[in-house]
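Enquirer: Submitted below is the structure of interest, expressed as structure tokens.
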Amino acid sequence: MSGPISLANPVRFSAPLPQATDIVIIGGGVIGICAALYLIRAGKRVTLVEKGRIAGEQSSRNWGWIRQLGRDREELPVMVEASRLWQELDRDTGRRTGFRREGIFYLRNDDHGEAKHAAYLEDARACQVEVRQLTTEEIAARIDTGAGGRRWKGGLYCPSDARGEPWQAVPALAELAQSQGVVIRENCAARALEVTNRSVRGVHTEAGYVACAQVVVAAGAWSSLFLRRHDVSIPQLSVRSTAARTAPLPAVFEGCAADEEIAFRRREDGGYTMSAADAHDLYIGPDAFRHLIKYLPTARQSLGQTRFHPWAQQPGFPDGWTTSRHWAEDGETPFERCRVLDPAADAARTQKVRQRFAARFPGLGLPQITHAWAGMIDTMPDVVPIVDRVPQIAGLILATGMSGHGFGIGPGFGRCIANIALERPTGHDLTRFRFSRFTDGSPIRPGPGM
């Protein structure tokens, strides 16, 4: 496969929909797939519908980091579990996820990030995650920049952090879930919930109606649009990020690393996935105006990294000016009109990332880019997700706004979602991720952006 999953990929999952099931999951990304897997293992009947392709959006377009380093303090315990679960799932899929514990570096070129690194170190110690603070010489012993290469002033290193191959890992997990009994249907949009007396009764899809008592909405950038039809409002927006893959290169580091400007990950094919660590795009639409005030605390931290556009690049964008907010369950919906968010990569930023990589590793020269792509990252004002029951509708569970952290933490939150549906203890304090935090008067406390 040459790049992230898109509509160009053939349908791989086309199981007939049942008339009834226990739980319907809307969204075939890593969160939905992992939740489905742990629910089927608990003995529930599970049906998952995806309007486009499994992992067609951010779940195959992310950097492929499986990191504990730099997590929000309340996310970290879930991520510690996710790291363990990734190792188990890699075994269960026959080593098809690309999972490898090669470590992750957060590097700094000056003293500006020293306080932030100290906070990460404190959080890691509280959760018994080994994180080392390294000097310039210790970094150089692990990352080979060669003669004339970058000499970072300092950094943090988590040796137990890992990497995976997103566009092979998530379909492999879907195949595992299907083999264990999950009904998976691609190219099948969920159009609306059937709600009676404020309780879920089923889901209307373009392929027919499925009766169920519980629904998990894990639809990424589309979650807010879907929920608004049912008068459920969440302050979710999406930002575009561009990434690229290089041709095979000599190994400078087998894991993942980022400084203030660039992030890179060693790939199984011998190249590197790289991206700008300081740049993303926001397409302005009705929701951007509606939720502006809630995003001000985060905007103050990242304003210089955000480029604003007056309208969406791709027709049918969830927060597009012309995207319909009202539709009937027996007619075509926005989800069928835009099966996969597939924004164009930013060529100028791709070139800048090439130059930044070459400046750090001059002995390698300017790397050849074999493929560049972009993805829409679903985010929340505080840069952590909602993982909770929706109070207005009994039987509805929401897991969205992963804010670019979803691939790595997917198995951890997937298991939490399963336990919420099963009414079992999750094993974690999920207060930080509650649905009501944007309406109960709580101050918005932005978490780490990367």
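Just remember, in the structure tokens the first chain shown is A, the second B, etc., residues are 1-based per chain, and ligands are 1-based in the order shown.
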Using only C-alpha atoms, which residues of segment 193-269 of chain A come within 12 Å of segment 406-416 of chain A, and what is the closest atom pair for each, with the distance in Å to one decimal? Give it as a Markdown table, sorted by chain and residue number.
Expert:
| residue | atom | partner | partner_atom | distance |
| --- | --- | --- | --- | --- |
| A:Val216 | CA | A:Gly414 | CA | 10.6 |
| A:Val217 | CA | A:Gly414 | CA | 12.0 |
| A:Ala218 | CA | A:Gly414 | CA | 9.9 |
| A:Ala219 | CA | A:Gly406 | CA | 12.0 |
| A:Gly220 | CA | A:Gly406 | CA | 9.6 |
Enquirer: Store the residues of this selection in a file with all heavy atoms, as a PDB file, in the first residue's frame.
Expert:
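Listing of part.pdb after writing:
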ATOM      1  N   VAL A 216     -22.254   3.538  20.230  1.00  0.00           N
ATOM      2  CA  VAL A 216     -21.012   4.264  20.474  1.00  0.00           C
ATOM      3  C   VAL A 216     -20.730   5.120  19.248  1.00  0.00           C
ATOM      4  O   VAL A 216     -20.605   4.597  18.133  1.00  0.00           O
ATOM      5  CB  VAL A 216     -19.823   3.309  20.718  1.00  0.00           C
ATOM      6  CG1 VAL A 216     -18.518   4.106  20.844  1.00  0.00           C
ATOM      7  CG2 VAL A 216     -20.055   2.453  21.950  1.00  0.00           C
ATOM      8  N   VAL A 217     -20.652   6.439  19.435  1.00  0.00           N
ATOM      9  CA  VAL A 217     -20.266   7.341  18.356  1.00  0.00           C
ATOM     10  C   VAL A 217     -18.768   7.600  18.492  1.00  0.00           C
ATOM     11  O   VAL A 217     -18.315   8.255  19.429  1.00  0.00           O
ATOM     12  CB  VAL A 217     -21.051   8.663  18.399  1.00  0.00           C
ATOM     13  CG1 VAL A 217     -20.514   9.639  17.351  1.00  0.00           C
ATOM     14  CG2 VAL A 217     -22.535   8.412  18.151  1.00  0.00           C
ATOM     15  N   ALA A 218     -18.012   7.037  17.556  1.00  0.00           N
ATOM     16  CA  ALA A 218     -16.561   7.221  17.510  1.00  0.00           C
ATOM     17  C   ALA A 218     -16.210   7.639  16.089  1.00  0.00           C
ATOM     18  O   ALA A 218     -15.399   7.018  15.409  1.00  0.00           O
ATOM     19  CB  ALA A 218     -15.847   5.934  17.901  1.00  0.00           C
ATOM     20  N   ALA A 219     -16.849   8.710  15.647  1.00  0.00           N
ATOM     21  CA  ALA A 219     -16.811   9.110  14.243  1.00  0.00           C
ATOM     22  C   ALA A 219     -15.800  10.206  13.943  1.00  0.00           C
ATOM     23  O   ALA A 219     -15.875  10.858  12.898  1.00  0.00           O
ATOM     24  CB  ALA A 219     -18.211   9.557  13.803  1.00  0.00           C
ATOM     25  N   GLY A 220     -14.863  10.437  14.864  1.00  0.00           N
ATOM     26  CA  GLY A 220     -13.808  11.404  14.595  1.00  0.00           C
ATOM     27  C   GLY A 220     -14.351  12.775  14.254  1.00  0.00           C
ATOM     28  O   GLY A 220     -15.219  13.321  14.947  1.00  0.00           O
TER      29      GLY A 220
END
Enquirer: Taking the DSSP assignment computed from this structure's backbone, write out as a compact mmCIF listing (two decimals) with N, CA and C atoms, in the first residue's frame all residues of segment 252-323 of chain A that belong to alpha helix (DSSP H).
Expert:
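This went into part21.txt:
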# COMPACT_ATOMS: atom_id res chain seq x y z
N PRO A 286 -19.32 27.42 10.54
CA PRO A 286 -20.27 27.80 11.60
C PRO A 286 -19.84 27.35 12.99
N ASP A 287 -19.31 26.13 13.12
CA ASP A 287 -18.92 25.65 14.44
C ASP A 287 -17.73 26.43 14.99
N ALA A 288 -16.82 26.85 14.12
CA ALA A 288 -15.67 27.62 14.57
C ALA A 288 -16.13 28.92 15.24
N PHE A 289 -17.14 29.56 14.69
CA PHE A 289 -17.70 30.76 15.31
C PHE A 289 -18.48 30.40 16.57
N ARG A 290 -19.24 29.34 16.52
CA ARG A 290 -20.10 28.96 17.65
C ARG A 290 -19.28 28.66 18.89
N LEU A 292 -16.00 29.62 19.49
CA LEU A 292 -14.80 30.44 19.56
C LEU A 292 -14.33 30.69 20.99
N ILE A 293 -15.23 31.09 21.87
CA ILE A 293 -14.84 31.46 23.24
C ILE A 293 -14.18 30.28 23.96
N LYS A 294 -14.71 29.08 23.75
CA LYS A 294 -14.15 27.91 24.42
C LYS A 294 -12.73 27.61 23.97
N TYR A 295 -12.39 28.03 22.76
CA TYR A 295 -11.05 27.72 22.23
C TYR A 295 -10.02 28.81 22.56
N LEU A 296 -10.43 29.90 23.16
CA LEU A 296 -9.48 30.98 23.41
C LEU A 296 -8.29 30.57 24.28
N PRO A 297 -8.49 29.79 25.38
CA PRO A 297 -7.31 29.40 26.17
C PRO A 297 -6.28 28.62 25.37
N THR A 298 -6.74 27.70 24.53
CA THR A 298 -5.80 26.94 23.70
C THR A 298 -5.21 27.81 22.61
N ALA A 299 -6.03 28.70 22.04
CA ALA A 299 -5.55 29.57 20.96
C ALA A 299 -4.39 30.44 21.43
N ARG A 300 -4.43 30.87 22.67
CA ARG A 300 -3.35 31.71 23.19
C ARG A 300 -2.01 30.97 23.19
N GLN A 301 -2.08 29.65 23.35
CA GLN A 301 -0.86 28.83 23.38
C GLN A 301 -0.33 28.51 21.99
N SER A 302 -1.25 28.41 20.99
CA SER A 302 -0.84 27.88 19.69
C SER A 302 -1.16 28.81 18.52
Enquirer: Of the candidates A:Ala347, A:Ala374, A:Phe357, A:Gly3, which one gets nearest to Gln314 of chain A if we count only C-alpha atoms?
Expert: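 Looking only at the distances to Gln314 of chain A, the closest residue turns out to be A:Ala374.
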Enquirer: As a list in words, please: the residues near Cys158 of chain A (cut-off 9 Å, only C-alpha atoms, same-chain neighbours under 3 positions excluded).
Expert: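 Result of the neighbour search: Arg67, Gln68, Leu69, Gly103, Ile104, Phe105, Tyr106, Val129, Glu130, Val131, Arg132 and Asp161 of chain A.
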Enquirer: Using only C-alpha atoms, find each residue of segment 183-283 of chain A with at least one atom at most 8 Å away from an atom of segment 359-369 of chain A; report its shortest atom-to-atom pair and that distance in Å (one decimal), sort the rows by chain and rising residue number, and return the result as JSON lines.
Expert:
{"residue": "A:Ala244", "atom": "CA", "partner": "A:Ile369", "partner_atom": "CA", "distance": 6.7}
{"residue": "A:Arg245", "atom": "CA", "partner": "A:Ile369", "partner_atom": "CA", "distance": 5.7}
{"residue": "A:Thr246", "atom": "CA", "partner": "A:Ile369", "partner_atom": "CA", "distance": 4.4}
{"residue": "A:Ala247", "atom": "CA", "partner": "A:Gln368", "partner_atom": "CA", "distance": 5.6}
{"residue": "A:Leu249", "atom": "CA", "partner": "A:Leu364", "partner_atom": "CA", "distance": 7.5}
{"residue": "A:Pro250", "atom": "CA", "partner": "A:Leu364", "partner_atom": "CA", "distance": 7.7}
Enquirer: Mind checking which residues fall within 12 Å of segment 442-449 of chain A, counting only C-alpha atoms, ignoring those fewer than 5 positions away in the same chain, and posting them as a ChimeraX atom specification?
Expert: /A:69-76,116-117,119-120,235,260,277-280,293-302,305,377,379-385,402-405,431-437
Enquirer: Go ahead and dump the residues you just picked, C-alpha atoms, as a CSV table (one decimal), in the first residue's frame.
Expert:
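Output (part_28.csv):
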chain,number,residue,atom,x,y,z
A,69,LEU,CA,5.8,10.7,26.9
A,70,GLY,CA,4.2,14.1,27.0
A,71,ARG,CA,0.7,12.9,27.7
A,72,ASP,CA,-1.9,14.9,29.6
A,73,ARG,CA,-1.6,13.9,33.3
A,74,GLU,CA,-5.1,12.2,33.3
A,75,GLU,CA,-4.5,10.5,30.0
A,76,LEU,CA,-1.3,8.9,31.0
A,116,LYS,CA,7.4,21.8,30.2
A,117,HIS,CA,9.9,18.9,30.1
A,119,ALA,CA,6.4,18.8,34.2
A,120,TYR,CA,6.4,15.7,31.8
A,235,PRO,CA,-17.3,22.0,20.9
A,260,GLU,CA,10.1,22.5,18.3
A,277,ALA,CA,5.6,20.0,14.7
A,278,ASP,CA,4.7,23.6,14.7
A,279,ALA,CA,2.0,24.0,12.0
A,280,HIS,CA,-1.6,23.2,11.3
A,293,ILE,CA,-14.8,31.5,23.2
A,294,LYS,CA,-14.1,27.9,24.4
A,295,TYR,CA,-11.1,27.7,22.2
A,296,LEU,CA,-9.5,31.0,23.4
A,297,PRO,CA,-7.3,29.4,26.2
A,298,THR,CA,-5.8,26.9,23.7
A,299,ALA,CA,-5.5,29.6,21.0
A,300,ARG,CA,-3.4,31.7,23.2
A,301,GLN,CA,-0.9,28.8,23.4
A,302,SER,CA,-0.8,27.9,19.7
A,305,GLN,CA,1.2,27.6,14.8
A,377,ILE,CA,-7.4,15.9,13.4
A,379,THR,CA,-9.9,18.2,18.5
A,380,MET,CA,-11.5,19.7,21.6
A,381,PRO,CA,-10.8,23.0,23.4
A,382,ASP,CA,-8.7,21.4,26.1
A,383,VAL,CA,-6.9,19.0,23.7
A,384,VAL,CA,-8.2,15.9,25.4
A,385,PRO,CA,-11.2,13.8,24.2
A,402,MET,CA,-8.8,12.5,20.4
A,403,SER,CA,-6.8,15.7,19.4
A,404,GLY,CA,-4.1,13.8,17.5
A,405,HIS,CA,-3.5,11.3,20.3
A,431,THR,CA,-13.4,12.7,35.1
A,432,ARG,CA,-11.2,14.7,32.8
A,433,PHE,CA,-13.0,13.3,29.8
A,434,ARG,CA,-16.5,13.8,30.9
A,435,PHE,CA,-19.2,15.1,28.5
A,436,SER,CA,-20.4,17.9,30.9
A,437,ARG,CA,-17.1,19.7,31.4
Enquirer: When you look at Ile397 of chain A with a cut-off of 12 Å (counting only C-alpha atoms), what residues show up, excluding the ones that are within fewer than 6 positions of it in the same chain? I need them as an mmCIF file with all heavy atoms, in the first residue's frame.
Expert:
data_model
loop_
_atom_site.group_PDB
_atom_site.id
_atom_site.type_symbol
_atom_site.label_atom_id
_atom_site.label_comp_id
_atom_site.auth_asym_id
_atom_site.auth_seq_id
_atom_site.Cartn_x
_atom_site.Cartn_y
_atom_site.Cartn_z
ATOM 1 N N ILE A 23 -24.973 -3.717 20.419
ATOM 2 C CA ILE A 23 -24.304 -2.416 20.355
ATOM 3 C C ILE A 23 -23.918 -2.122 18.909
ATOM 4 O O ILE A 23 -23.347 -2.978 18.223
ATOM 5 C CB ILE A 23 -23.046 -2.389 21.239
ATOM 6 C CG1 ILE A 23 -23.417 -2.648 22.708
ATOM 7 C CG2 ILE A 23 -22.300 -1.055 21.118
ATOM 8 C CD1 ILE A 23 -22.237 -2.888 23.611
ATOM 9 N N VAL A 24 -24.218 -0.911 18.469
ATOM 10 C CA VAL A 24 -23.742 -0.417 17.179
ATOM 11 C C VAL A 24 -22.637 0.597 17.431
ATOM 12 O O VAL A 24 -22.806 1.502 18.260
ATOM 13 C CB VAL A 24 -24.869 0.223 16.349
ATOM 14 C CG1 VAL A 24 -24.296 0.934 15.116
ATOM 15 C CG2 VAL A 24 -25.881 -0.829 15.913
ATOM 16 N N ILE A 25 -21.547 0.448 16.729
ATOM 17 C CA ILE A 25 -20.444 1.417 16.796
ATOM 18 C C ILE A 25 -20.402 2.167 15.478
ATOM 19 O O ILE A 25 -20.376 1.558 14.405
ATOM 20 C CB ILE A 25 -19.104 0.720 17.073
ATOM 21 C CG1 ILE A 25 -19.144 0.072 18.466
ATOM 22 C CG2 ILE A 25 -17.943 1.709 16.973
ATOM 23 C CD1 ILE A 25 -17.921 -0.719 18.823
ATOM 24 N N ILE A 26 -20.425 3.488 15.562
ATOM 25 C CA ILE A 26 -20.380 4.350 14.383
ATOM 26 C C ILE A 26 -18.974 4.901 14.256
ATOM 27 O O ILE A 26 -18.536 5.708 15.082
ATOM 28 C CB ILE A 26 -21.410 5.491 14.495
ATOM 29 C CG1 ILE A 26 -22.831 4.922 14.614
ATOM 30 C CG2 ILE A 26 -21.304 6.423 13.295
ATOM 31 C CD1 ILE A 26 -23.887 5.966 14.930
ATOM 32 N N GLY A 32 -13.051 3.050 17.468
ATOM 33 C CA GLY A 32 -14.216 2.198 17.263
ATOM 34 C C GLY A 32 -13.855 0.736 17.127
ATOM 35 O O GLY A 32 -14.524 -0.139 17.683
ATOM 36 N N ALA A 35 -12.838 -0.661 20.577
ATOM 37 C CA ALA A 35 -14.025 -0.839 21.423
ATOM 38 C C ALA A 35 -14.804 -2.070 20.983
ATOM 39 O O ALA A 35 -15.258 -2.873 21.819
ATOM 40 C CB ALA A 35 -14.900 0.409 21.350
ATOM 41 N N SER A 199 -34.231 7.480 24.862
ATOM 42 C CA SER A 199 -33.387 6.288 24.927
ATOM 43 C C SER A 199 -33.141 5.744 23.521
ATOM 44 O O SER A 199 -34.028 5.773 22.667
ATOM 45 C CB SER A 199 -34.058 5.186 25.769
ATOM 46 O OG SER A 199 -34.208 5.594 27.112
ATOM 47 N N VAL A 200 -31.932 5.250 23.304
ATOM 48 C CA VAL A 200 -31.581 4.663 22.014
ATOM 49 C C VAL A 200 -32.389 3.400 21.769
ATOM 50 O O VAL A 200 -32.535 2.551 22.655
ATOM 51 C CB VAL A 200 -30.073 4.342 21.967
ATOM 52 C CG1 VAL A 200 -29.745 3.447 20.776
ATOM 53 C CG2 VAL A 200 -29.246 5.610 21.920
ATOM 54 N N ALA A 213 -29.684 -1.460 21.793
ATOM 55 C CA ALA A 213 -29.937 -0.720 23.035
ATOM 56 C C ALA A 213 -28.851 0.299 23.332
ATOM 57 O O ALA A 213 -29.046 1.193 24.152
ATOM 58 C CB ALA A 213 -30.061 -1.701 24.205
ATOM 59 N N GLN A 214 -27.685 0.151 22.685
ATOM 60 C CA GLN A 214 -26.588 1.086 22.927
ATOM 61 C C GLN A 214 -25.885 1.412 21.609
ATOM 62 O O GLN A 214 -25.783 0.570 20.709
ATOM 63 C CB GLN A 214 -25.569 0.504 23.909
ATOM 64 C CG GLN A 214 -26.109 0.285 25.309
ATOM 65 C CD GLN A 214 -25.003 0.074 26.323
ATOM 66 O OE1 GLN A 214 -24.422 1.022 26.859
ATOM 67 N NE2 GLN A 214 -24.698 -1.183 26.589
ATOM 68 N N VAL A 215 -25.383 2.651 21.535
ATOM 69 C CA VAL A 215 -24.623 3.112 20.375
ATOM 70 C C VAL A 215 -23.371 3.825 20.871
ATOM 71 O O VAL A 215 -23.432 4.623 21.812
ATOM 72 C CB VAL A 215 -25.461 4.070 19.499
ATOM 73 C CG1 VAL A 215 -24.586 4.729 18.429
ATOM 74 C CG2 VAL A 215 -26.633 3.343 18.858
ATOM 75 N N VAL A 216 -22.254 3.538 20.230
ATOM 76 C CA VAL A 216 -21.012 4.264 20.474
ATOM 77 C C VAL A 216 -20.730 5.120 19.248
ATOM 78 O O VAL A 216 -20.605 4.597 18.133
ATOM 79 C CB VAL A 216 -19.823 3.309 20.718
ATOM 80 C CG1 VAL A 216 -18.518 4.106 20.844
ATOM 81 C CG2 VAL A 216 -20.055 2.453 21.950
ATOM 82 N N VAL A 217 -20.652 6.439 19.435
ATOM 83 C CA VAL A 217 -20.266 7.341 18.356
ATOM 84 C C VAL A 217 -18.768 7.600 18.492
ATOM 85 O O VAL A 217 -18.315 8.255 19.429
ATOM 86 C CB VAL A 217 -21.051 8.663 18.399
ATOM 87 C CG1 VAL A 217 -20.514 9.639 17.351
ATOM 88 C CG2 VAL A 217 -22.535 8.412 18.151
ATOM 89 N N ALA A 218 -18.012 7.037 17.556
ATOM 90 C CA ALA A 218 -16.561 7.221 17.510
ATOM 91 C C ALA A 218 -16.210 7.639 16.089
ATOM 92 O O ALA A 218 -15.399 7.018 15.409
ATOM 93 C CB ALA A 218 -15.847 5.934 17.901
ATOM 94 N N ALA A 219 -16.849 8.710 15.647
ATOM 95 C CA ALA A 219 -16.811 9.110 14.243
ATOM 96 C C ALA A 219 -15.800 10.206 13.943
ATOM 97 O O ALA A 219 -15.875 10.858 12.898
ATOM 98 C CB ALA A 219 -18.211 9.557 13.803
ATOM 99 N N SER A 223 -18.231 13.461 14.291
ATOM 100 C CA SER A 223 -19.073 13.208 15.466
ATOM 101 C C SER A 223 -19.997 14.370 15.781
ATOM 102 O O SER A 223 -21.187 14.182 16.050
ATOM 103 C CB SER A 223 -18.191 12.910 16.688
ATOM 104 O OG SER A 223 -17.406 11.754 16.490
ATOM 105 N N LEU A 227 -24.152 14.326 15.847
ATOM 106 C CA LEU A 227 -24.867 14.548 17.105
ATOM 107 C C LEU A 227 -25.800 15.748 17.047
ATOM 108 O O LEU A 227 -26.844 15.759 17.710
ATOM 109 C CB LEU A 227 -23.862 14.729 18.242
ATOM 110 C CG LEU A 227 -23.047 13.488 18.619
ATOM 111 C CD1 LEU A 227 -21.960 13.857 19.605
ATOM 112 C CD2 LEU A 227 -23.932 12.388 19.191
ATOM 113 N N VAL A 232 -27.624 17.406 20.286
ATOM 114 C CA VAL A 232 -26.493 17.219 21.189
ATOM 115 C C VAL A 232 -25.340 18.043 20.630
ATOM 116 O O VAL A 232 -24.911 17.844 19.494
ATOM 117 C CB VAL A 232 -26.084 15.743 21.293
ATOM 118 C CG1 VAL A 232 -24.830 15.595 22.160
ATOM 119 C CG2 VAL A 232 -27.228 14.911 21.867
ATOM 120 N N ILE A 386 -13.547 13.568 24.640
ATOM 121 C CA ILE A 386 -14.728 13.176 25.415
ATOM 122 C C ILE A 386 -14.845 11.661 25.322
ATOM 123 O O ILE A 386 -14.893 11.104 24.220
ATOM 124 C CB ILE A 386 -16.017 13.822 24.874
ATOM 125 C CG1 ILE A 386 -15.997 15.339 25.051
ATOM 126 C CG2 ILE A 386 -17.244 13.233 25.568
ATOM 127 C CD1 ILE A 386 -17.174 16.047 24.410
ATOM 128 N N VAL A 387 -14.886 11.002 26.456
ATOM 129 C CA VAL A 387 -15.141 9.561 26.531
ATOM 130 C C VAL A 387 -16.137 9.372 27.665
ATOM 131 O O VAL A 387 -15.770 9.337 28.837
ATOM 132 C CB VAL A 387 -13.860 8.750 26.783
ATOM 133 C CG1 VAL A 387 -14.162 7.255 26.841
ATOM 134 C CG2 VAL A 387 -12.820 9.030 25.699
ATOM 135 N N ASP A 388 -17.420 9.278 27.318
ATOM 136 C CA ASP A 388 -18.444 9.330 28.353
ATOM 137 C C ASP A 388 -19.801 8.974 27.744
ATOM 138 O O ASP A 388 -19.976 9.000 26.521
ATOM 139 C CB ASP A 388 -18.512 10.745 28.933
ATOM 140 C CG ASP A 388 -19.216 10.837 30.276
ATOM 141 O OD1 ASP A 388 -19.622 9.784 30.813
ATOM 142 O OD2 ASP A 388 -19.378 11.969 30.773
ATOM 143 N N ARG A 389 -20.747 8.695 28.611
ATOM 144 C CA ARG A 389 -22.137 8.595 28.179
ATOM 145 C C ARG A 389 -22.680 9.997 27.911
ATOM 146 O O ARG A 389 -22.288 10.956 28.575
ATOM 147 C CB ARG A 389 -22.987 7.897 29.230
ATOM 148 C CG ARG A 389 -22.701 6.394 29.349
ATOM 149 C CD ARG A 389 -23.738 5.686 30.200
ATOM 150 N NE ARG A 389 -23.489 4.261 30.261
ATOM 151 C CZ ARG A 389 -23.921 3.374 29.366
ATOM 152 N NH1 ARG A 389 -24.652 3.789 28.341
ATOM 153 N NH2 ARG A 389 -23.656 2.085 29.500
ATOM 154 N N VAL A 390 -23.579 10.109 26.938
ATOM 155 C CA VAL A 390 -24.234 11.378 26.644
ATOM 156 C C VAL A 390 -25.473 11.482 27.524
ATOM 157 O O VAL A 390 -26.380 10.645 27.417
ATOM 158 C CB VAL A 390 -24.621 11.459 25.157
ATOM 159 C CG1 VAL A 390 -25.397 12.736 24.868
ATOM 160 C CG2 VAL A 390 -23.367 11.391 24.288
ATOM 161 N N PRO A 391 -25.534 12.449 28.431
ATOM 162 C CA PRO A 391 -26.615 12.468 29.424
ATOM 163 C C PRO A 391 -28.011 12.652 28.828
ATOM 164 O O PRO A 391 -28.984 12.174 29.406
ATOM 165 C CB PRO A 391 -26.240 13.637 30.344
ATOM 166 C CG PRO A 391 -25.271 14.468 29.575
ATOM 167 C CD PRO A 391 -24.557 13.535 28.669
ATOM 168 N N GLY A 414 -10.427 2.218 23.919
ATOM 169 C CA GLY A 414 -11.341 1.193 23.424
ATOM 170 C C GLY A 414 -11.809 0.276 24.533
ATOM 171 O O GLY A 414 -12.998 -0.064 24.627
ATOM 172 N N CYS A 416 -11.814 1.085 27.746
ATOM 173 C CA CYS A 416 -12.655 1.902 28.632
ATOM 174 C C CYS A 416 -14.082 1.998 28.097
ATOM 175 O O CYS A 416 -15.053 1.879 28.853
ATOM 176 C CB CYS A 416 -12.065 3.312 28.766
ATOM 177 S SG CYS A 416 -10.567 3.420 29.763
ATOM 178 N N ILE A 417 -14.229 2.244 26.798
ATOM 179 C CA ILE A 417 -15.556 2.343 26.186
ATOM 180 C C ILE A 417 -16.324 1.039 26.370
ATOM 181 O O ILE A 417 -17.522 1.050 26.696
ATOM 182 C CB ILE A 417 -15.414 2.691 24.695
ATOM 183 C CG1 ILE A 417 -14.829 4.092 24.526
ATOM 184 C CG2 ILE A 417 -16.767 2.591 23.978
ATOM 185 C CD1 ILE A 417 -14.215 4.323 23.157
ATOM 186 N N ALA A 418 -15.647 -0.061 26.154
ATOM 187 C CA ALA A 418 -16.303 -1.358 26.343
ATOM 188 C C ALA A 418 -16.814 -1.504 27.769
ATOM 189 O O ALA A 418 -17.947 -1.944 28.001
ATOM 190 C CB ALA A 418 -15.338 -2.484 25.993
ATOM 191 N N ASN A 419 -16.003 -1.115 28.737
ATOM 192 C CA ASN A 419 -16.431 -1.245 30.131
ATOM 193 C C ASN A 419 -17.551 -0.276 30.483
ATOM 194 O O ASN A 419 -18.424 -0.607 31.300
ATOM 195 C CB ASN A 419 -15.242 -1.050 31.062
ATOM 196 C CG ASN A 419 -14.356 -2.278 31.134
ATOM 197 O OD1 ASN A 419 -14.832 -3.397 30.997
ATOM 198 N ND2 ASN A 419 -13.067 -2.075 31.330
ATOM 199 N N ILE A 420 -17.561 0.910 29.876
ATOM 200 C CA ILE A 420 -18.691 1.824 30.077
ATOM 201 C C ILE A 420 -19.972 1.175 29.573
ATOM 202 O O ILE A 420 -21.010 1.182 30.247
ATOM 203 C CB ILE A 420 -18.433 3.159 29.360
ATOM 204 C CG1 ILE A 420 -17.314 3.933 30.070
ATOM 205 C CG2 ILE A 420 -19.704 4.012 29.329
ATOM 206 C CD1 ILE A 420 -16.830 5.155 29.305
ATOM 207 N N ALA A 421 -19.922 0.595 28.374
ATOM 208 C CA ALA A 421 -21.102 -0.059 27.805
ATOM 209 C C ALA A 421 -21.547 -1.254 28.632
ATOM 210 O O ALA A 421 -22.741 -1.537 28.745
ATOM 211 C CB ALA A 421 -20.810 -0.497 26.368
ATOM 212 N N LEU A 422 -20.577 -1.954 29.209
ATOM 213 C CA LEU A 422 -20.871 -3.134 30.024
ATOM 214 C C LEU A 422 -21.246 -2.768 31.458
ATOM 215 O O LEU A 422 -21.566 -3.655 32.252
ATOM 216 C CB LEU A 422 -19.653 -4.068 30.041
ATOM 217 C CG LEU A 422 -19.244 -4.667 28.685
ATOM 218 C CD1 LEU A 422 -17.842 -5.252 28.768
ATOM 219 C CD2 LEU A 422 -20.256 -5.723 28.258
ATOM 220 N N GLU A 423 -21.166 -1.467 31.781
ATOM 221 C CA GLU A 423 -21.422 -0.966 33.136
ATOM 222 C C GLU A 423 -20.482 -1.600 34.144
ATOM 223 O O GLU A 423 -20.872 -1.967 35.259
ATOM 224 C CB GLU A 423 -22.891 -1.162 33.525
ATOM 225 C CG GLU A 423 -23.832 -0.381 32.601
ATOM 226 C CD GLU A 423 -25.287 -0.444 33.044
ATOM 227 O OE1 GLU A 423 -25.628 -1.357 33.814
ATOM 228 O OE2 GLU A 423 -26.050 0.437 32.624
ATOM 229 N N ARG A 434 -15.087 13.835 30.807
ATOM 230 C CA ARG A 434 -16.544 13.800 30.937
ATOM 231 C C ARG A 434 -17.223 14.709 29.900
ATOM 232 O O ARG A 434 -16.672 15.745 29.503
ATOM 233 C CB ARG A 434 -16.976 14.189 32.344
ATOM 234 C CG ARG A 434 -16.741 15.635 32.705
ATOM 235 C CD ARG A 434 -16.861 15.882 34.199
ATOM 236 N NE ARG A 434 -16.722 17.302 34.525
ATOM 237 C CZ ARG A 434 -15.551 17.941 34.592
ATOM 238 N NH1 ARG A 434 -14.425 17.281 34.353
ATOM 239 N NH2 ARG A 434 -15.507 19.221 34.901
ATOM 240 N N PHE A 435 -18.405 14.336 29.509
ATOM 241 C CA PHE A 435 -19.180 15.088 28.523
ATOM 242 C C PHE A 435 -19.523 16.489 29.029
ATOM 243 O O PHE A 435 -19.509 17.457 28.268
ATOM 244 C CB PHE A 435 -20.461 14.314 28.197
ATOM 245 C CG PHE A 435 -21.337 14.978 27.181
ATOM 246 C CD1 PHE A 435 -21.207 14.687 25.838
ATOM 247 C CD2 PHE A 435 -22.308 15.897 27.562
ATOM 248 C CE1 PHE A 435 -22.011 15.302 24.891
ATOM 249 C CE2 PHE A 435 -23.119 16.523 26.631
ATOM 250 C CZ PHE A 435 -22.966 16.220 25.288
#
Enquirer: Work out how far atom CA of Tyr209 of chain A is from atom CA of Leu341 of chain A, in Å to one decimal.
Expert: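 That distance, rounded to one decimal, is 25.1 Å.
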Enquirer: Compile the contact shell of Asp259 of chain A as an NGL selection string: residues with an atom at most 10 Å away, counting only C-alpha atoms, same-chain residues fewer than 3 positions apart removed.
Expert: :A and (105-109 or 113 or 152 or 155 or 262-264 or 276-278)
Enquirer: Can you measure atom CA of Pro310 of chain A to atom CA of Tyr283 of chain A for me? One decimal in Å is fine.
Expert: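 So the two atoms, atom CA of Pro310 of chain A and atom CA of Tyr283 of chain A, lie 6.1 Å apart.
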